[in-house]
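Participant: Structure file final-v6.txt (compact mmCIF, C-alpha atoms and all ligand atoms) right here:
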```
# COMPACT_ATOMS: atom_id res chain seq x y z
CA MET O 1 105.45 81.32 99.90
CA ASN O 2 108.20 78.87 98.97
CA ILE O 3 110.60 79.30 96.06
CA TYR O 4 108.56 77.05 93.71
CA GLU O 5 105.48 79.12 94.39
CA ILE O 6 107.45 82.30 93.74
CA ILE O 7 108.70 80.98 90.40
CA GLU O 8 105.25 79.81 89.37
CA LEU O 9 103.80 83.19 90.32
CA CYS O 10 106.44 85.01 88.28
CA MET O 11 105.60 82.83 85.30
CA LYS O 12 101.92 83.69 85.65
CA ILE O 13 102.54 87.41 86.06
CA LEU O 14 105.00 87.67 83.16
CA SER O 15 102.75 85.72 80.79
CA LYS O 16 100.18 88.47 81.25
CA TYR O 17 102.20 91.59 82.10
CA CYS O 18 105.55 92.67 80.74
CA LEU O 19 107.62 93.85 83.72
CA CYS O 20 111.11 95.33 83.95
CA ASP O 21 113.69 93.87 86.36
CA TYR O 22 112.90 96.47 89.03
CA CYS O 23 109.15 96.00 88.91
CA LEU O 24 109.32 92.20 88.96
CA GLY O 25 111.92 92.07 91.75
CA ARG O 26 110.08 94.68 93.82
CA GLN O 27 107.07 92.39 94.26
CA PHE O 28 109.32 90.13 96.36
CA ALA O 29 111.29 92.86 98.16
CA SER O 30 110.75 91.39 101.63
CA ILE O 31 112.02 87.96 100.61
CA GLY O 32 115.80 87.66 100.38
CA ALA O 33 116.76 90.98 101.95
CA GLY O 34 119.90 92.77 100.82
CA ILE O 35 119.54 92.16 97.11
CA PRO O 36 118.47 95.20 95.07
CA ASN O 37 115.14 94.75 93.30
CA ASP O 38 116.54 94.95 89.79
CA GLU O 39 119.08 92.26 90.55
CA LYS O 40 116.39 90.09 92.11
CA GLY O 41 114.14 90.60 89.08
CA ARG O 42 116.96 89.54 86.80
CA ILE O 43 117.64 86.43 88.86
CA LEU O 44 113.96 85.43 88.71
CA LYS O 45 113.99 85.93 84.95
CA THR O 46 117.17 83.85 84.73
CA ILE O 47 115.48 80.98 86.54
CA LEU O 48 112.47 81.20 84.22
CA TYR O 49 114.82 81.26 81.26
CA MET O 50 116.57 78.12 82.51
CA HIS O 51 113.20 76.47 82.96
CA ALA O 52 112.11 77.41 79.42
CA HIS O 53 115.39 76.20 78.00
CA SER O 54 115.20 72.87 79.81
CA ILE O 55 111.63 72.08 78.76
CA PHE O 56 112.47 73.12 75.18
CA LYS O 57 115.20 70.47 75.18
CA ILE O 58 112.83 67.74 76.23
CA GLY O 59 110.27 68.65 73.61
CA TYR O 60 107.74 71.01 75.20
CA ILE O 61 108.42 73.44 72.37
CA GLU O 62 105.25 75.46 72.42
CA GLU O 63 105.23 76.05 76.17
CA ALA O 64 108.92 76.91 76.14
CA LEU O 65 108.58 79.39 73.28
CA LYS O 66 105.68 81.12 74.97
CA LEU O 67 107.77 81.78 78.06
CA MET O 68 110.86 82.72 75.98
CA LYS O 69 108.81 85.33 74.11
CA CYS O 70 107.48 86.85 77.32
CA LEU O 71 111.02 87.14 78.64
CA ALA O 72 112.33 88.55 75.37
CA ALA O 73 109.58 91.19 75.37
CA THR O 74 110.84 92.47 78.74
CA GLY O 75 114.28 92.95 77.18
CA PHE O 76 115.87 89.88 78.79
CA GLN O 77 118.79 89.40 76.40
CA PRO O 78 119.51 85.63 76.76
CA ALA O 79 115.92 84.92 75.67
CA VAL O 80 116.29 87.27 72.70
CA GLN O 81 119.53 85.53 71.67
CA PHE O 82 117.98 82.08 72.11
CA LEU O 83 115.08 82.96 69.78
CA GLU O 84 117.50 84.47 67.30
CA MET O 85 119.72 81.37 67.28
CA GLN O 86 116.77 79.06 66.87
CA LYS O 87 115.44 81.29 64.07
CA TYR O 88 112.13 82.08 65.76
CA GLU O 89 110.36 85.37 65.54
CA ILE O 90 111.59 87.87 68.09
CA PRO O 91 108.84 89.91 69.77
CA GLN O 92 109.06 93.72 70.00
CA LYS O 93 110.50 94.97 73.26
CA GLU O 94 107.65 96.36 75.35
CA LEU O 95 107.59 99.05 77.99
CA CYS O 96 107.20 97.82 81.54
CA TYR O 97 103.49 97.58 82.35
CA ILE O 98 103.89 99.16 85.78
CA CYS O 99 106.56 101.87 85.44
CA ARG O 100 106.43 102.49 81.68
CA GLY O 101 110.21 102.68 81.61
CA ILE O 102 110.61 105.18 84.43
CA LEU O 103 112.86 102.79 86.30
CA ASN O 104 115.74 102.65 83.98
CA ARG O 105 119.30 102.16 85.15
CA ASP O 106 120.83 104.62 82.68
CA LYS O 107 118.22 107.27 83.32
CA LEU O 108 118.53 107.02 87.08
CA ARG O 109 122.28 107.20 86.77
CA GLU O 110 122.06 110.29 84.57
CA LEU O 111 119.78 111.93 87.11
CA SER O 112 122.15 110.95 89.96
CA VAL O 113 125.09 112.56 88.19
CA LYS O 114 123.13 115.79 87.74
CA ILE O 115 122.12 115.84 91.40
CA LEU O 116 125.71 115.20 92.46
CA LYS O 117 126.88 118.15 90.43
CA ASP O 118 124.30 120.41 92.07
CA LEU O 119 125.20 119.17 95.52
CA GLU O 120 128.80 120.18 94.99
CA GLU O 121 127.71 123.76 95.60
CA TYR O 122 126.77 122.94 99.18
CA GLU O 123 128.54 121.91 102.30
CA PHE O 124 126.54 119.17 104.03
CA ASN O 125 127.12 116.32 106.42
CA ASN O 126 124.18 114.09 105.54
CA PHE O 127 121.20 113.95 103.23
CA LEU O 128 118.01 112.15 102.34
CA VAL O 129 116.49 111.22 98.99
CA GLY O 130 112.73 111.26 98.52
CA ALA O 131 110.63 110.65 95.41
CA ARG O 132 107.31 111.58 93.90
CA VAL O 133 105.78 108.83 91.79
CA PRO O 134 103.02 109.31 89.20
CA THR O 135 99.65 108.09 90.48
CA ASP O 136 98.91 105.95 87.45
CA VAL O 137 102.11 103.97 88.11
CA ARG O 138 100.94 103.31 91.66
CA GLU O 139 97.48 102.34 90.44
CA ARG O 140 98.83 99.76 87.99
CA GLU O 141 101.10 98.31 90.64
CA ASP O 142 98.22 98.11 93.13
CA SER O 143 96.00 96.31 90.65
CA ILE O 144 98.67 93.65 89.96
CA ARG O 145 99.24 93.19 93.68
CA SER O 146 95.58 92.61 94.34
CA GLU O 147 95.18 90.36 91.30
CA TYR O 148 97.95 88.01 92.53
CA MET O 149 97.45 88.71 96.23
CA LEU O 150 101.05 89.85 96.56
CA THR O 151 102.02 90.99 100.03
CA THR O 152 105.81 90.84 99.81
CA GLY O 153 106.40 94.01 97.77
CA GLU O 154 107.57 97.47 98.74
CA ASP O 155 106.75 100.97 97.52
CA ILE O 156 108.09 101.89 94.09
CA LYS O 157 109.71 105.04 95.43
CA GLU O 158 112.10 102.87 97.44
CA ASP O 159 113.66 101.77 94.18
CA VAL O 160 114.33 105.33 93.11
CA THR O 161 115.58 106.59 96.45
CA ARG O 162 117.78 103.53 96.95
CA VAL O 163 119.46 103.72 93.57
CA ILE O 164 120.12 107.46 93.79
CA GLY O 165 120.92 107.36 97.52
CA ARG O 166 123.53 104.64 97.08
CA PHE O 167 125.16 106.52 94.25
CA LEU O 168 125.36 109.72 96.31
CA VAL O 169 126.71 107.92 99.39
CA LYS O 170 129.44 106.40 97.28
CA GLU O 171 130.37 109.61 95.47
CA THR O 172 130.16 112.08 98.37
CA GLY O 173 131.07 109.89 101.33
CA LYS O 174 128.15 111.44 103.24
CA LYS O 175 125.55 109.52 105.22
CA VAL O 176 121.83 109.13 104.73
CA GLU O 177 119.95 110.76 107.61
CA TYR O 178 116.22 110.21 108.12
CA SER O 179 115.15 112.56 110.90
CA THR O 180 117.10 115.79 110.39
CA PRO O 181 118.96 115.70 107.08
CA ASP O 182 120.96 118.75 106.00
CA ILE O 183 119.71 118.42 102.45
CA VAL O 184 116.70 116.60 101.02
CA VAL O 185 116.72 115.63 97.34
CA ILE O 186 113.22 115.10 96.01
CA VAL O 187 113.12 113.28 92.71
CA ASP O 188 109.97 113.82 90.70
CA LEU O 189 109.33 110.91 88.36
CA ASN O 190 106.44 112.75 86.73
CA THR O 191 108.84 115.14 85.10
CA ASP O 192 112.24 113.45 85.52
CA SER O 193 113.39 116.43 87.53
CA TYR O 194 114.41 116.99 91.10
CA GLU O 195 114.43 119.59 93.78
CA LEU O 196 116.97 120.30 96.53
CA ILE O 197 115.59 121.31 99.89
CA VAL O 198 118.45 122.79 101.87
CA ASN O 199 117.49 122.76 105.51
CA PRO O 200 118.45 125.69 107.72
CA VAL O 201 121.42 125.80 110.07
CA PHE O 202 120.65 126.83 113.63
CA ILE O 203 123.18 128.51 115.87
CA LYS O 204 122.63 129.68 119.41
CA GLY O 205 124.34 132.06 121.74
CA ARG O 206 123.76 134.96 124.10
CA TYR O 207 123.91 138.67 123.49
CA ARG O 208 124.72 141.55 125.75
CA LYS O 209 123.35 144.91 124.73
CA LEU O 210 125.60 147.79 125.69
CA VAL O 211 123.65 150.77 124.36
CA ARG O 212 120.12 152.08 124.76
CA ASP O 213 117.79 152.77 121.84
CA LEU O 214 118.70 149.64 119.95
CA PRO O 215 115.72 147.36 119.25
CA GLN O 216 116.07 143.59 119.08
CA THR O 217 114.54 143.39 115.59
CA PRO O 218 114.08 146.07 112.90
CA TRP O 219 111.41 148.51 113.92
CA ILE O 220 109.60 150.30 111.14
CA CYS O 221 108.63 153.96 111.37
CA ARG O 222 105.30 154.31 113.16
CA ASN O 223 104.48 157.39 111.16
CA CYS O 224 104.82 156.07 107.62
CA TRP O 225 104.87 152.28 108.19
CA GLY O 226 108.15 151.90 106.33
CA ARG O 227 107.43 153.94 103.23
CA GLY O 228 109.77 156.72 104.37
CA CYS O 229 108.84 160.14 105.67
CA GLN O 230 110.36 163.29 107.04
CA LYS O 231 110.07 162.06 110.60
CA CYS O 232 112.25 159.00 109.93
CA ASN O 233 114.58 160.83 107.57
CA PHE O 234 113.17 158.70 104.74
CA THR O 235 114.67 155.53 106.15
CA GLY O 236 111.27 154.06 106.93
CA ARG O 237 112.60 153.04 110.30
CA GLU O 238 112.32 154.11 113.88
CA TYR O 239 115.92 153.04 114.63
CA PRO O 240 118.67 152.60 112.03
CA GLU O 241 120.00 149.32 113.47
CA SER O 242 118.82 146.30 115.39
CA ILE O 243 120.45 143.49 117.33
CA SER O 244 119.17 140.86 114.92
CA GLU O 245 120.75 142.65 111.97
CA LEU O 246 124.06 143.13 113.75
CA ILE O 247 124.18 139.37 114.34
CA GLY O 248 122.27 138.12 111.29
CA ASN O 249 123.85 140.03 108.41
CA ILE O 250 127.39 138.86 109.09
CA SER O 251 126.20 135.30 109.74
CA VAL O 252 124.33 135.21 106.43
CA GLU O 253 127.53 136.22 104.67
CA VAL O 254 129.69 133.66 106.44
CA PHE O 255 127.21 130.80 105.93
CA GLU O 256 126.44 131.98 102.40
CA ALA O 257 122.79 131.71 103.31
CA LEU O 258 119.84 133.31 101.53
CA SER O 259 118.32 134.87 104.64
CA TYR O 260 118.04 134.55 108.39
CA LYS O 261 115.50 134.59 111.16
CA PHE O 262 116.34 135.79 114.63
CA HIS O 263 114.69 134.22 117.67
CA GLY O 264 115.35 135.83 121.05
CA ALA O 265 114.37 134.33 124.38
CA GLY O 266 111.98 137.18 125.02
CA ARG O 267 113.02 140.77 124.46
CA GLU O 268 113.94 143.80 126.50
CA ASP O 269 112.56 147.29 126.10
CA VAL O 270 114.27 149.24 123.38
CA ASP O 271 115.83 151.59 125.92
CA ALA O 272 117.01 148.83 128.27
CA ILE O 273 120.52 147.45 128.14
CA VAL O 274 121.36 143.78 128.70
CA LEU O 275 124.33 142.93 130.88
CA GLY O 276 125.57 139.93 132.87
CA THR O 277 125.52 136.66 130.97
CA GLY O 278 123.22 138.12 128.31
CA ARG O 279 120.01 137.03 126.63
CA PRO O 280 119.84 133.66 124.81
CA PHE O 281 118.95 133.61 121.15
CA VAL O 282 118.81 131.21 118.24
CA LEU O 283 119.68 132.30 114.72
CA GLU O 284 118.14 130.35 111.88
CA LEU O 285 120.12 130.59 108.62
CA LYS O 286 118.08 129.65 105.59
CA HIS O 287 119.39 127.81 102.56
CA PRO O 288 123.06 127.92 103.61
CA ARG O 289 125.86 126.85 101.30
CA LYS O 290 128.25 126.50 104.23
CA ARG O 291 127.55 124.45 107.34
CA ASN O 292 130.84 123.80 109.01
CA VAL O 293 131.77 127.28 110.06
CA ASP O 294 134.23 128.15 112.84
CA LEU O 295 131.80 129.78 115.26
CA LYS O 296 134.55 131.22 117.42
CA LYS O 297 135.73 133.22 114.40
CA LEU O 298 132.17 134.26 113.56
CA GLU O 299 131.71 135.44 117.14
CA GLU O 300 134.88 137.53 116.90
CA LYS O 301 133.74 139.00 113.61
CA ILE O 302 130.33 139.99 114.96
CA ASN O 303 131.83 141.50 118.09
CA LEU O 304 134.37 143.45 116.10
CA GLU O 305 131.81 144.95 113.74
CA ALA O 306 129.23 145.63 116.44
CA ALA O 307 131.80 146.83 118.97
CA GLY O 308 130.31 149.14 121.59
CA LYS O 309 126.75 148.17 120.69
CA ILE O 310 126.38 144.48 121.37
CA GLU O 311 128.52 141.52 122.31
CA VAL O 312 127.72 137.90 121.53
CA SER O 313 129.14 134.94 123.39
CA GLY O 314 128.98 131.16 123.53
CA LEU O 315 128.04 130.61 119.88
CA GLU O 316 127.25 126.95 119.30
CA TYR O 317 125.42 124.86 116.75
CA SER O 318 121.79 124.33 117.66
CA SER O 319 118.70 122.67 116.19
CA ARG O 320 115.05 123.20 115.43
CA ARG O 321 114.29 121.22 118.57
CA GLU O 322 116.28 123.61 120.74
CA LEU O 323 114.59 126.53 119.06
CA ARG O 324 111.22 125.07 120.06
CA ILE O 325 112.41 124.74 123.65
CA LEU O 326 113.72 128.31 123.63
CA LYS O 327 110.38 129.59 122.40
CA SER O 328 108.18 127.52 124.67
CA SER O 329 110.22 128.15 127.79
CA SER O 330 110.49 131.91 127.61
CA PRO O 331 107.36 132.40 129.80
CA ILE O 332 109.00 130.56 132.67
CA ALA O 333 112.52 131.90 132.26
CA SER O 334 113.54 134.24 135.02
CA LYS O 335 115.21 137.56 134.45
CA THR O 336 117.21 139.86 136.63
CA TYR O 337 117.08 143.58 135.98
CA GLU O 338 118.96 146.55 137.23
CA ALA O 339 116.92 149.74 137.40
CA ILE O 340 118.17 153.21 138.23
CA VAL O 341 115.16 155.24 139.33
CA GLU O 342 114.88 158.90 140.08
CA PHE O 343 111.96 159.74 142.38
CA GLU O 344 110.04 162.96 142.81
CA ARG O 345 110.78 163.23 146.55
CA ASP O 346 113.51 161.96 148.86
CA VAL O 347 113.52 158.25 149.52
CA LYS O 348 113.87 157.38 153.20
CA GLU O 349 115.72 154.48 154.77
CA GLU O 350 112.45 152.93 156.01
CA ASP O 351 111.08 153.00 152.43
CA LEU O 352 114.01 150.88 151.32
CA ALA O 353 113.46 148.45 154.20
CA SER O 354 109.78 148.09 153.38
CA ILE O 355 110.51 147.42 149.70
CA ARG O 356 113.01 144.68 150.60
CA GLU O 357 110.50 143.08 152.90
CA LYS O 358 107.29 143.41 150.87
CA PHE O 359 108.63 142.57 147.43
CA ARG O 360 109.97 139.12 148.10
CA ASP O 361 108.49 135.88 146.72
CA ILE O 362 105.14 137.34 145.84
CA ILE O 363 102.83 137.25 142.84
CA ILE O 364 102.39 140.48 140.89
CA ASP O 365 99.04 141.08 139.21
CA GLN O 366 99.61 142.97 136.04
CA TRP O 367 97.23 144.20 133.38
CA THR O 368 98.79 144.76 129.94
CA PRO O 369 100.80 148.01 130.28
CA THR O 370 99.18 151.09 128.82
CA ARG O 371 102.24 151.70 126.60
CA VAL O 372 101.85 148.37 124.75
CA LEU O 373 98.03 148.24 124.72
CA LYS O 374 97.96 149.24 121.07
CA ARG O 375 99.90 146.13 120.09
CA ARG O 376 98.72 143.60 122.68
CA SER O 377 95.33 142.64 124.00
CA ASP O 378 94.38 143.70 127.49
CA LYS O 379 94.68 140.83 129.92
CA LEU O 380 95.71 140.08 133.46
CA ARG O 381 99.08 138.37 133.97
CA LYS O 382 100.23 136.86 137.21
CA LYS O 383 104.01 136.76 137.48
CA LYS O 384 106.30 135.71 140.24
CA LEU O 385 108.64 138.27 141.76
CA TYR O 386 111.61 136.67 143.53
CA TYR O 387 113.24 139.65 145.18
CA VAL O 388 114.05 143.33 144.96
CA GLU O 389 117.39 144.58 146.24
CA VAL O 390 117.75 148.30 146.86
CA GLU O 391 120.63 150.69 147.17
CA ARG O 392 120.32 154.45 147.50
CA LEU O 393 122.65 156.37 145.17
CA SER O 394 121.49 159.81 146.32
CA GLU O 395 118.45 161.26 148.14
CA LYS O 396 116.18 160.79 145.18
CA ILE O 397 117.96 158.15 143.14
CA VAL O 398 117.76 154.45 143.94
CA LYS O 399 119.37 151.46 142.28
CA PHE O 400 117.20 148.34 142.23
CA LYS O 401 118.12 144.78 141.41
CA ILE O 402 114.97 142.89 140.54
CA LYS O 403 114.62 139.19 139.82
CA ALA O 404 111.30 138.11 138.36
CA GLN O 405 109.65 135.50 136.20
CA GLY O 406 109.99 136.21 132.49
CA GLY O 407 107.19 138.32 131.07
CA LEU O 408 106.86 140.64 134.06
CA TYR O 409 106.89 144.26 132.95
CA VAL O 410 109.43 145.83 135.29
CA LYS O 411 108.80 149.49 134.52
CA GLU O 412 105.20 149.01 135.57
CA LEU O 413 106.26 147.16 138.71
CA ILE O 414 108.07 150.35 139.65
CA ASP O 415 105.65 153.07 138.54
CA GLY O 416 102.40 151.10 138.98
CA ASP O 417 100.92 152.06 135.59
CA ASN O 418 98.01 153.91 137.26
CA GLY O 419 97.18 150.98 139.45
CA ARG O 420 97.15 148.45 136.62
CA THR O 421 100.10 146.63 138.26
CA LYS O 422 99.63 145.54 141.87
CA PRO O 423 101.40 145.69 144.18
CA ASN O 424 103.85 148.26 142.87
CA ILE O 425 106.81 150.11 144.32
CA ALA O 426 105.56 153.68 143.75
CA GLU O 427 102.43 153.00 145.76
CA ALA O 428 104.27 151.07 148.46
CA ILE O 429 106.51 154.03 149.30
CA ASN O 430 104.09 156.70 148.13
CA ASN O 431 106.61 158.35 145.84
CA LYS O 432 106.47 159.00 142.12
CA PRO O 433 109.27 157.79 139.82
CA LEU O 434 110.31 160.45 137.33
CA LYS O 435 112.88 158.53 135.33
CA ILE O 436 113.54 154.81 135.04
CA GLN O 437 116.62 153.35 133.38
CA LEU O 438 116.52 149.59 132.90
CA ALA O 439 119.19 147.02 132.22
CA VAL O 440 118.73 143.27 131.96
CA ILE O 441 121.62 141.70 133.81
CA GLU O 442 120.70 138.07 133.64
CA VAL O 443 118.36 135.84 131.67
CA GLU O 444 117.85 132.37 132.97
CA ASN O 445 116.25 129.80 130.77
CA VAL O 446 114.79 127.26 133.16
CA LYS O 447 114.19 124.41 130.72
CA GLU O 448 117.53 124.94 129.06
CA SER O 449 119.50 124.77 132.29
CA SER O 450 117.64 121.69 133.50
CA GLY O 451 118.48 119.92 130.28
ZN ZN D 501 109.08 98.69 85.66
ZN ZN D 502 108.70 157.36 108.46
```
In structure tokens, write the structure found in this file.
Ligand SMILES: [Zn+2]
Ligand SMILES: [Zn+2]

Facilitator:
Amino acid sequence: MNIYEIIELCMKILSKYCLCDYCLGRQFASIGAGIPNDEKGRILKTILYMHAHSIFKIGYIEEALKLMKCLAATGFQPAVQFLEMQKYEIPQKELCYICRGILNRDKLRELSVKILKDLEEYEFNNFLVGARVPTDVREREDSIRSEYMLTTGEDIKEDVTRVIGRFLVKETGKKVEYSTPDIVVIVDLNTDSYELIVNPVFIKGRYRKLVRDLPQTPWICRNCWGRGCQKCNFTGREYPESISELIGNISVEVFEALSYKFHGAGREDVDAIVLGTGRPFVLELKHPRKRNVDLKKLEEKINLEAAGKIEVSGLEYSSRRELRILKSSSPIASKTYEAIVEFERDVKEEDLASIREKFRDIIIDQWTPTRVLKRRSDKLRKKKLYYVEVERLSEKIVKFKIKAQGGLYVKELIDGDNGRTKPNIAEAINNKPLKIQLAVIEVENVKESSG
């Protein structure tokens, strides 16, 4: 399409349909990039006005007036003034055929100012503007495009998001971000309203658990299912605190978020402690008002308030992507445990030697442990055991260091769970464990460490 064809097309369209600057300019969005649609529409109308004026001067009065009236009906002021000066009848201003006045500079500006005011409540580094457009507007635009075989236009929502987006960039100094914006503004042109979607902040770190009988997440009373009963002292809970609350509650306060979700890279038994470098976790903070928090200070605050119970370290900003990796990689993460086990009978030196030798780089076949059968389906797992180190603390008490693939149930590796875990240590040395105390001393996230 050359420029003469464009002008002729505009003349044809406007003689049949009254279009605002945005809706006329938008049909040629891909020609002459960098000029906003409303400006382009106004330029096209200016050219048509010049054409009408010039043919009027050389005597094509009727043709000129027809075009002048079309332009005046769209609200193009020079045409209105021309008709006024020449004492011709001025047509009523009509609503734009496509958008029915939705695209209106003043209205969009008013909306932008409101959005800006709302955004002031939030800390954010980037944003994105989206828009919902009434279907009938789209339908009218589509019909015009097919009638004139127009292929150079763009979607009407681009006009809205561009106008509001540019305003917000200028006023806030923040950038537009397409893939992972902190805040998404969705403008609804059906109702002239908007909605702010404040995306969560993700932080990651590791926790060490220093006490037993502290679950990772809140654990409701198994007797009353949270309603409160004598058994749980009317708290509705099996344990008064949890790791996720010790970390999450303070973080919610600091980020001024509405709520949080705790994601651990697997979990330990409630009576196991976690030492060494600790267990990785990601904390998702929903609808935060703050985003640029000093995580070192947050870490100190958590550790101060949870002193003696847990310790967090290495807090860093994370992302939904990293959360996905954390979740998907937990089956292949390896874990190292320390177990203090008291046996029924004396443990001999040759027992220790045989454990060291047998339990090295083997696959353990493990049916779902009896103690979790109520919550999990019964199935056979095959997990890799890397090594078992042994040290005798007294005749009957042995300290084990066990490194295994994530997901291996270590208690059952030791006591055998009535033969449901094979091979197992109890059977190998023909001795029954009476008491097992577990501590996780290292959690290795394979995918994480390999990048
Ligand atoms: Zn319009
Ligand atoms: Zn209860």

Participant: Around ligand ZN 502 (chain D), at most 12 Å away and counting only C-alpha atoms and all ligand atoms, which residues are there? Put them as a PDB file with C-alpha atoms, keeping the file's coordinate frame, please.

Facilitator:
```
ATOM      1  CA  TRP O 219     111.410 148.510 113.920  1.00  0.00           C
ATOM      2  CA  ILE O 220     109.600 150.300 111.140  1.00  0.00           C
ATOM      3  CA  CYS O 221     108.630 153.960 111.370  1.00  0.00           C
ATOM      4  CA  ARG O 222     105.300 154.310 113.160  1.00  0.00           C
ATOM      5  CA  ASN O 223     104.480 157.390 111.160  1.00  0.00           C
ATOM      6  CA  CYS O 224     104.820 156.070 107.620  1.00  0.00           C
ATOM      7  CA  TRP O 225     104.870 152.280 108.190  1.00  0.00           C
ATOM      8  CA  GLY O 226     108.150 151.900 106.330  1.00  0.00           C
ATOM      9  CA  ARG O 227     107.430 153.940 103.230  1.00  0.00           C
ATOM     10  CA  GLY O 228     109.770 156.720 104.370  1.00  0.00           C
ATOM     11  CA  CYS O 229     108.840 160.140 105.670  1.00  0.00           C
ATOM     12  CA  GLN O 230     110.360 163.290 107.040  1.00  0.00           C
ATOM     13  CA  LYS O 231     110.070 162.060 110.600  1.00  0.00           C
ATOM     14  CA  CYS O 232     112.250 159.000 109.930  1.00  0.00           C
ATOM     15  CA  ASN O 233     114.580 160.830 107.570  1.00  0.00           C
ATOM     16  CA  PHE O 234     113.170 158.700 104.740  1.00  0.00           C
ATOM     17  CA  THR O 235     114.670 155.530 106.150  1.00  0.00           C
ATOM     18  CA  GLY O 236     111.270 154.060 106.930  1.00  0.00           C
ATOM     19  CA  ARG O 237     112.600 153.040 110.300  1.00  0.00           C
ATOM     20  CA  GLU O 238     112.320 154.110 113.880  1.00  0.00           C
ATOM     21  CA  TYR O 239     115.920 153.040 114.630  1.00  0.00           C
ATOM     22  CA  PRO O 240     118.670 152.600 112.030  1.00  0.00           C
TER      23      PRO O 240
END
```

Participant: Write out as a list in words each polymer residue (protein, DNA or RNA) that has an atom no more than 6 Å from ligand ZN 501 (chain D), with only C-alpha atoms and all ligand atoms counted.

Facilitator: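 Protein and nucleic-acid residues within 6 Å of ligand ZN 501 (chain D): Leu19, Cys20, Tyr22, Cys23, Cys96, Ile98, Cys99, Gly101 and Leu103 of chain O.
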
Participant: Nearest to Leu214 in chain O: which of O:Glu89, O:Glu395, O:Glu120, O:Asp271 is it, counting all atoms listed in the file?

Facilitator: O:Asp271

Participant: At a cut-off of 10 Å, using all atoms listed in the file, what residues contact Thr151 in chain O? Leave out same-chain residues fewer than 6 positions from it and give the result as a list in words.

Facilitator: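 The contact residues come out as Gln27, Phe28, Ala29, Ser30 and Arg145 of chain O.
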
Participant: For the atom pair CA of Arg105 in chain O and CA of Tyr88 in chain O, what is the interatomic distance in Å to one decimal place?

Facilitator: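 Calculated distance between CA of Arg105 in chain O and CA of Tyr88 in chain O is 28.8 Å.
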
Participant: From (104.8, 145.0, 127.6), in the file's coordinates, out to 8 Å: which residues are reached, counting all atoms listed in the file? Answer as a ChimeraX atom specification.

Facilitator: /O:368-369,371-372,376,407,409

Participant: With all atoms listed in the file as the counted atoms, please give the residues lying no more than 8 Å from Tyr97 in chain O, apart from itself and same-chain residues fewer than 2 positions off, as a ChimeraX atom specification.

Facilitator: /O:17-19,95,99-100,140

Participant: Rank O:Ser112, O:Asn190, O:Thr217, O:Ser146 by their smallest atom-to-atom distance to Arg166 in chain O, using all atoms listed in the file, and report the top residue only.

Facilitator: O:Ser112

Participant: Could you tell me which of O:Val440, O:Leu210, O:Ile397, O:Leu116 comes closest to Lys170 in chain O if we count only C-alpha atoms?

Facilitator: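 Checking each of O:Val440, O:Leu210, O:Ile397, O:Leu116 against Lys170 in chain O, counting only C-alpha atoms, the winner is O:Leu116.
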
Participant: So, counting only C-alpha atoms, which residue among O:Glu349, O:Leu168, O:Lys45, O:Ile425 is closest to Leu9 in chain O?

Facilitator: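 Answer, going by the shortest atom-to-atom distance: O:Lys45.
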
Participant: Taking (107.3, 132.9, 145.2) in the file's coordinates, which residues come within 6 Å, counting only C-alpha atoms, written as a PyMOL selection string?

Facilitator: chain O and resi 361-362+384+386

Participant: Env of Val80 in chain O: 9 Å cut, atoms = only C-alpha atoms, seq-sep filter 6 positions within chain, self excluded. Answer as a PyMOL selection string.

Facilitator: chain O and resi 68-69+71-73+90-91

Participant: Which residues are near Tyr122 in chain O? Cut-off 12 Å, only C-alpha atoms, ignore same chain within fewer than 3 positions. Put them as a ChimeraX atom specification.

Facilitator: /O:115-119,125-127,172,182-183,196-199,255-257,287-292

Participant: I need the chosen residues saved as a PDB file, keeping the file's coordinate frame, with C-alpha atoms.

Facilitator:
```pdb
ATOM      1  CA  ILE O 115     122.120 115.840  91.400  1.00  0.00           C
ATOM      2  CA  LEU O 116     125.710 115.200  92.460  1.00  0.00           C
ATOM      3  CA  LYS O 117     126.880 118.150  90.430  1.00  0.00           C
ATOM      4  CA  ASP O 118     124.300 120.410  92.070  1.00  0.00           C
ATOM      5  CA  LEU O 119     125.200 119.170  95.520  1.00  0.00           C
ATOM      6  CA  ASN O 125     127.120 116.320 106.420  1.00  0.00           C
ATOM      7  CA  ASN O 126     124.180 114.090 105.540  1.00  0.00           C
ATOM      8  CA  PHE O 127     121.200 113.950 103.230  1.00  0.00           C
ATOM      9  CA  THR O 172     130.160 112.080  98.370  1.00  0.00           C
ATOM     10  CA  ASP O 182     120.960 118.750 106.000  1.00  0.00           C
ATOM     11  CA  ILE O 183     119.710 118.420 102.450  1.00  0.00           C
ATOM     12  CA  LEU O 196     116.970 120.300  96.530  1.00  0.00           C
ATOM     13  CA  ILE O 197     115.590 121.310  99.890  1.00  0.00           C
ATOM     14  CA  VAL O 198     118.450 122.790 101.870  1.00  0.00           C
ATOM     15  CA  ASN O 199     117.490 122.760 105.510  1.00  0.00           C
ATOM     16  CA  PHE O 255     127.210 130.800 105.930  1.00  0.00           C
ATOM     17  CA  GLU O 256     126.440 131.980 102.400  1.00  0.00           C
ATOM     18  CA  ALA O 257     122.790 131.710 103.310  1.00  0.00           C
ATOM     19  CA  HIS O 287     119.390 127.810 102.560  1.00  0.00           C
ATOM     20  CA  PRO O 288     123.060 127.920 103.610  1.00  0.00           C
ATOM     21  CA  ARG O 289     125.860 126.850 101.300  1.00  0.00           C
ATOM     22  CA  LYS O 290     128.250 126.500 104.230  1.00  0.00           C
ATOM     23  CA  ARG O 291     127.550 124.450 107.340  1.00  0.00           C
ATOM     24  CA  ASN O 292     130.840 123.800 109.010  1.00  0.00           C
TER      25      ASN O 292
END
```
